[in-house]
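Let me begin by presenting the structure, written as structure tokens, before commenting on it.
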Amino acid sequence: MKAALALAVLGAVALTAAAVVHVSPAAAPGFTSWPWLGLLALAPAIVAGWFATSGKPGLGGGLILGLAALAPGRLLLDLQFAVNGPLAIRPELYLADRFVGGSAVGAGFWLLVAGHVLTAAAGVVAWRALRSQDEPERRRWRLLVPLLAVVAGAGLLTAPVHSANGFLLARGAFEGPGLALGGYLLLAAALPLAAVLALAAPAEHVARGALGGLAAAAFGVALPPVLAGLFRDDLSVTWGPALVLVAMAVVAGLAGTRLTESGDSTEKTDLAGSATLPGLFWWRLTTGLLGLATAVAALIGAFAPQVAVTALNPGATAPVSGAADSPARWFLLVAAIVLAVPAAGVLLPKTAAVARPVLGVAWAGILLAGTAVLNTALTATQAGNLAGFGGTAAPVFTYDLGAGAAWTFAALVLAALTALAAVGTGVVEREDAGEGATRSTVLAPVVAGAVLAVAAFGLPVFAVPGYVAAGLWSHLDTPSWGLLTAAVVVAGAAALATRSRPKPAAALLAGAALLTALHAAELPLVGGSLGSAGPATGFWVALAATGALLLAAGMAVSHRGRP
């Protein structure tokens, strides 16, 4: 723990020094931010040291773990300064007062990198010092805290500030540069994952410290743009960072309460005298309703206008609104239907146990199709505005994201919440079933299906002359994140199926097969809208993956696997 504390303090000092020393010689901070950034960096490290030296090493070590959880995402976000600094929306560190064409970095940039690396290293050392083989006890707030973390992650993906400054183009994560998008997505994914892992810590103090550290790290990301909006007249506060602060403040408050459930609240006795785990009904209800809400948002997003066109000249005639309709809208429609069926099944007692694992995989179809729809809106918006401002005449129209893009983004957030609720429901179901259930293994078809699925998501499903589809290995674009999510979910479902009871394993594999079949369906659903589309390699690989996963599901449910 001493080594972890030393690394954490060094990282905090480096981050504070980076706020004093400019990250680039081409631009200075937009306001006097170093006292605030120093406070955000040093205060958690000092508190962790105080806990560790006052006989509470679990709290101090947990606080370091929480800080380290967001260090990789913050590092990736800060690397944008080296790639293309003028596109970074970080007024607390970089706000140009003239047009800047280069991406020169100064000593402050390297101090930022060192600070994040040292913080991450401190988390690794703290984990090695605190790891335990003890079984974690049941925690309170195991649904609320991860949900709040997902809400905070969604807030990070919005525009950090509103800008009236001509040298700062304030946009949301999906409209910004790719490296910054990767950083924000990594932060948004790390928040709920770290919250779940914190609640799974065997020791109560470690869990509480980790949640507090996670909240402190989130404040370090979200508070600076809020301060920039308050201190500068040409910038204003947006709702995204404010939502992050509110959600993570609640998490910090819950971290100050007792997390371990008492024996009286862990289980209750029914009229027949048998002990039952409470809350399974509510978990299933929450999961099913979130799944249905996701499907509804996706349906609206598929058909609502993706681009809003505003005429700057009252006499101008607006372009045809259907010109920006996404060719993937039918793809999103089918993904919504595929999700709605198991979501409704989770609400029915007779089908809930089978529908829940299917829903735990099918939610990724919304990300697979939703990112493709959003890509159309982002491309049309950027191309329209560039065309409007590229000529010598004054622009006639402005192009903004429409209601369809907003609903699609809401569907992506709801899909992540559905996934989290499905995981929580699965944990409760496994506890209810006990550990004595028979497990079966159908390793060969499962491995074959997983490998083929990962290959399928990395290959184009259809080929159209002059059209290059986004992929995993090349041509990275917004849909690549949906492909990556689907590949990871299928691989994870396949791995979990080998350690599950026969019926849940078959349901997981069937859900994975649905996802690969949905990917293959891009040929008629998306390629058909583009015209002259023919099957590509990914189509045949996706069909093979679907067949292998369905075979594995059949073997699992019929107990043909090796016990």
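Residues are named by chain letter and number: chains run A, B, ... in the order of the structure tokens, numbers start at 1 in each chain, and ligands are numbered from 1 in the order shown.
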
Inset, instruction - From the DSSP assignment of the backbone, select every residue of region 386-553 of chain A that is alpha helix (DSSP H), and format the answer as a ChimeraX atom specification. - result: /A:386-390,403-433,443-457,478-497,502-520,522,528-530,537-553

Inset, instruction - Would you mind listing what lies within 12 Å of Trp473 (chain A) as a ChimeraX atom specification, with only C-alpha atoms counted and same-chain residues fewer than 4 positions away left out? - result: /A:454-460,469,477,480-481,483-484

Just to be explicit: take each residue in the selection above, keep N, CA, C and O atoms, and write the result as a PDB file, in the first residue's frame.
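The resulting again11.pdb:
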```pdb
ATOM      1  N   VAL A 454     -16.729 -13.579 -34.345  1.00  0.00           N
ATOM      2  CA  VAL A 454     -15.776 -12.462 -34.301  1.00  0.00           C
ATOM      3  C   VAL A 454     -15.273 -12.142 -35.703  1.00  0.00           C
ATOM      4  O   VAL A 454     -15.160 -10.966 -36.096  1.00  0.00           O
ATOM      5  N   ALA A 455     -14.990 -13.205 -36.492  1.00  0.00           N
ATOM      6  CA  ALA A 455     -14.549 -12.971 -37.871  1.00  0.00           C
ATOM      7  C   ALA A 455     -15.648 -12.309 -38.699  1.00  0.00           C
ATOM      8  O   ALA A 455     -15.382 -11.419 -39.509  1.00  0.00           O
ATOM      9  N   ALA A 456     -16.903 -12.738 -38.484  1.00  0.00           N
ATOM     10  CA  ALA A 456     -18.016 -12.183 -39.258  1.00  0.00           C
ATOM     11  C   ALA A 456     -18.212 -10.702 -38.979  1.00  0.00           C
ATOM     12  O   ALA A 456     -18.448  -9.905 -39.897  1.00  0.00           O
ATOM     13  N   PHE A 457     -18.118 -10.308 -37.721  1.00  0.00           N
ATOM     14  CA  PHE A 457     -18.302  -8.896 -37.387  1.00  0.00           C
ATOM     15  C   PHE A 457     -17.151  -8.037 -37.898  1.00  0.00           C
ATOM     16  O   PHE A 457     -17.293  -6.821 -38.002  1.00  0.00           O
ATOM     17  N   GLY A 458     -16.024  -8.653 -38.194  1.00  0.00           N
ATOM     18  CA  GLY A 458     -14.904  -7.894 -38.741  1.00  0.00           C
ATOM     19  C   GLY A 458     -14.863  -7.837 -40.253  1.00  0.00           C
ATOM     20  O   GLY A 458     -13.977  -7.194 -40.819  1.00  0.00           O
ATOM     21  N   LEU A 459     -15.818  -8.515 -40.920  1.00  0.00           N
ATOM     22  CA  LEU A 459     -15.827  -8.559 -42.386  1.00  0.00           C
ATOM     23  C   LEU A 459     -17.096  -7.914 -42.926  1.00  0.00           C
ATOM     24  O   LEU A 459     -18.151  -7.966 -42.280  1.00  0.00           O
ATOM     25  N   PRO A 460     -17.049  -7.323 -44.114  1.00  0.00           N
ATOM     26  CA  PRO A 460     -18.267  -6.737 -44.701  1.00  0.00           C
ATOM     27  C   PRO A 460     -19.252  -7.823 -45.108  1.00  0.00           C
ATOM     28  O   PRO A 460     -18.870  -8.882 -45.609  1.00  0.00           O
ATOM     29  N   ALA A 469     -17.801  -0.209 -46.465  1.00  0.00           N
ATOM     30  CA  ALA A 469     -18.455  -0.342 -45.170  1.00  0.00           C
ATOM     31  C   ALA A 469     -17.429  -0.225 -44.045  1.00  0.00           C
ATOM     32  O   ALA A 469     -16.265  -0.595 -44.202  1.00  0.00           O
ATOM     33  N   ASP A 477     -15.005   3.611 -38.227  1.00  0.00           N
ATOM     34  CA  ASP A 477     -15.968   4.703 -38.207  1.00  0.00           C
ATOM     35  C   ASP A 477     -16.943   4.439 -37.059  1.00  0.00           C
ATOM     36  O   ASP A 477     -16.785   3.473 -36.296  1.00  0.00           O
ATOM     37  N   SER A 480     -18.162   0.981 -36.353  1.00  0.00           N
ATOM     38  CA  SER A 480     -17.164   0.030 -35.860  1.00  0.00           C
ATOM     39  C   SER A 480     -17.363  -0.255 -34.377  1.00  0.00           C
ATOM     40  O   SER A 480     -17.089  -1.374 -33.908  1.00  0.00           O
ATOM     41  N   TRP A 481     -17.851   0.746 -33.622  1.00  0.00           N
ATOM     42  CA  TRP A 481     -18.081   0.520 -32.196  1.00  0.00           C
ATOM     43  C   TRP A 481     -19.235  -0.463 -31.980  1.00  0.00           C
ATOM     44  O   TRP A 481     -19.205  -1.272 -31.059  1.00  0.00           O
ATOM     45  N   LEU A 483     -20.001  -2.890 -34.102  1.00  0.00           N
ATOM     46  CA  LEU A 483     -19.443  -4.189 -34.471  1.00  0.00           C
ATOM     47  C   LEU A 483     -18.577  -4.752 -33.352  1.00  0.00           C
ATOM     48  O   LEU A 483     -18.646  -5.948 -33.034  1.00  0.00           O
ATOM     49  N   LEU A 484     -17.763  -3.889 -32.751  1.00  0.00           N
ATOM     50  CA  LEU A 484     -16.906  -4.343 -31.654  1.00  0.00           C
ATOM     51  C   LEU A 484     -17.736  -4.806 -30.464  1.00  0.00           C
ATOM     52  O   LEU A 484     -17.453  -5.851 -29.857  1.00  0.00           O
TER      53      LEU A 484
END
```

Legend entry - Leu67 (chain A) environment, 12 Å, only C-alpha atoms, sequence neighbours closer than 5 positions dropped, as a PyMOL selection string: chain A and resi 4-5+7-9+11-12+40-45+47-48+60-62+72-74+115-124+126+187+190-191+194-195+198+209-221

Legend entry - Pick from A:Leu443, A:Leu420, A:Leu181, A:Val413, whichever lies nearest to Trp283 (chain A) using only C-alpha atoms: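 Between A:Leu443, A:Leu420, A:Leu181, A:Val413, the residue approaching Trp283 (chain A) most closely is A:Leu420.
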
Inset, instruction - One decimal, Å: what's the distance from CA of Arg171 (chain A) over to CA of Val145 (chain A), could you say? - result: 28.1 Å

Legend entry - Given only C-alpha atoms as the counted atoms, nearest of A:Ala302, A:Leu223, A:Ala352, A:Ala252 to Leu333 (chain A):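 Selected residue with least distance to Leu333 (chain A): A:Ala302.
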
Legend entry - Non-local contacts of Pro91 (chain A) (8 Å; only C-alpha atoms; under 2 positions in same chain excluded) as a list in words: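 The contact residues come out as Pro29, Gly30, Phe31, Ile89, Leu93, Tyr94, Leu95, Pro225 and Ala228 of chain A.
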
Inset, instruction - Check the smallest atom-to-atom distance from each of A:Ala201, A:Ala463, A:Leu157, A:Ala3 to Val125 (chain A) using only C-alpha atoms, then report the winner. - result: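 Result for the nearest residue to Val125 (chain A): A:Ala3.
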
Inset, instruction - Compare A:Ser163, A:Thr287, A:Thr478, A:Ser103 by their minimum atom-to-atom distance to Pro357 (chain A), counting only C-alpha atoms, and give me the closest one. - result: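 Closest candidate: A:Thr287.
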
Legend entry - Gly402 (chain A) surroundings by only C-alpha atoms, 6 Å radius, close-in-sequence under 2 positions cut, as a ChimeraX atom specification: /A:305-308,404-405

Output of the above residues as a short mmCIF file (atom, residue, chain, number, x, y, z; two decimals), in the first residue's frame, restricted to all heavy atoms:
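Result file is selection26.cif:
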```cif
data_model
loop_
_atom_site.label_atom_id
_atom_site.label_comp_id
_atom_site.auth_asym_id
_atom_site.auth_seq_id
_atom_site.Cartn_x
_atom_site.Cartn_y
_atom_site.Cartn_z
N PRO A 305 -36.86 12.02 -38.41
CA PRO A 305 -35.82 12.68 -39.22
C PRO A 305 -34.46 12.65 -38.53
O PRO A 305 -34.35 13.00 -37.35
CB PRO A 305 -36.33 14.11 -39.39
CG PRO A 305 -37.81 14.02 -39.14
CD PRO A 305 -37.99 12.93 -38.14
N GLN A 306 -33.45 12.21 -39.26
CA GLN A 306 -32.11 12.13 -38.70
C GLN A 306 -31.40 13.48 -38.71
O GLN A 306 -30.48 13.71 -37.92
CB GLN A 306 -31.28 11.11 -39.49
CG GLN A 306 -31.79 9.68 -39.39
CD GLN A 306 -31.69 9.14 -37.99
OE1 GLN A 306 -30.73 9.41 -37.27
NE2 GLN A 306 -32.70 8.38 -37.57
N VAL A 307 -31.80 14.37 -39.60
CA VAL A 307 -31.15 15.67 -39.74
C VAL A 307 -32.21 16.76 -39.71
O VAL A 307 -33.26 16.63 -40.35
CB VAL A 307 -30.35 15.76 -41.06
CG1 VAL A 307 -29.75 17.14 -41.24
CG2 VAL A 307 -29.26 14.70 -41.09
N ALA A 308 -31.96 17.80 -38.94
CA ALA A 308 -32.85 18.96 -38.88
C ALA A 308 -32.23 20.08 -39.71
O ALA A 308 -31.10 20.50 -39.46
CB ALA A 308 -33.06 19.42 -37.44
N GLY A 404 -34.60 11.95 -34.91
CA GLY A 404 -34.25 10.54 -35.08
C GLY A 404 -32.91 10.20 -34.48
O GLY A 404 -32.75 9.14 -33.85
N ALA A 405 -31.93 11.09 -34.65
CA ALA A 405 -30.61 10.85 -34.05
C ALA A 405 -30.70 10.88 -32.52
O ALA A 405 -30.05 10.08 -31.84
CB ALA A 405 -29.62 11.90 -34.55
#
```

Legend entry - Between CA of Leu130 (chain A) and CA of Gly58 (chain A) - distance in Å to one decimal: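 Separation between CA of Gly58 (chain A) and CA of Leu130 (chain A): 7.3 Å.
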
Inset, instruction - Find, counting only C-alpha atoms, the residue in A:Ala450, A:Val461, A:Leu368, A:Leu59 that gets nearest to Thr498 (chain A). - result: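 Ranking A:Ala450, A:Val461, A:Leu368, A:Leu59 by distance to Thr498 (chain A), first place goes to A:Ala450.
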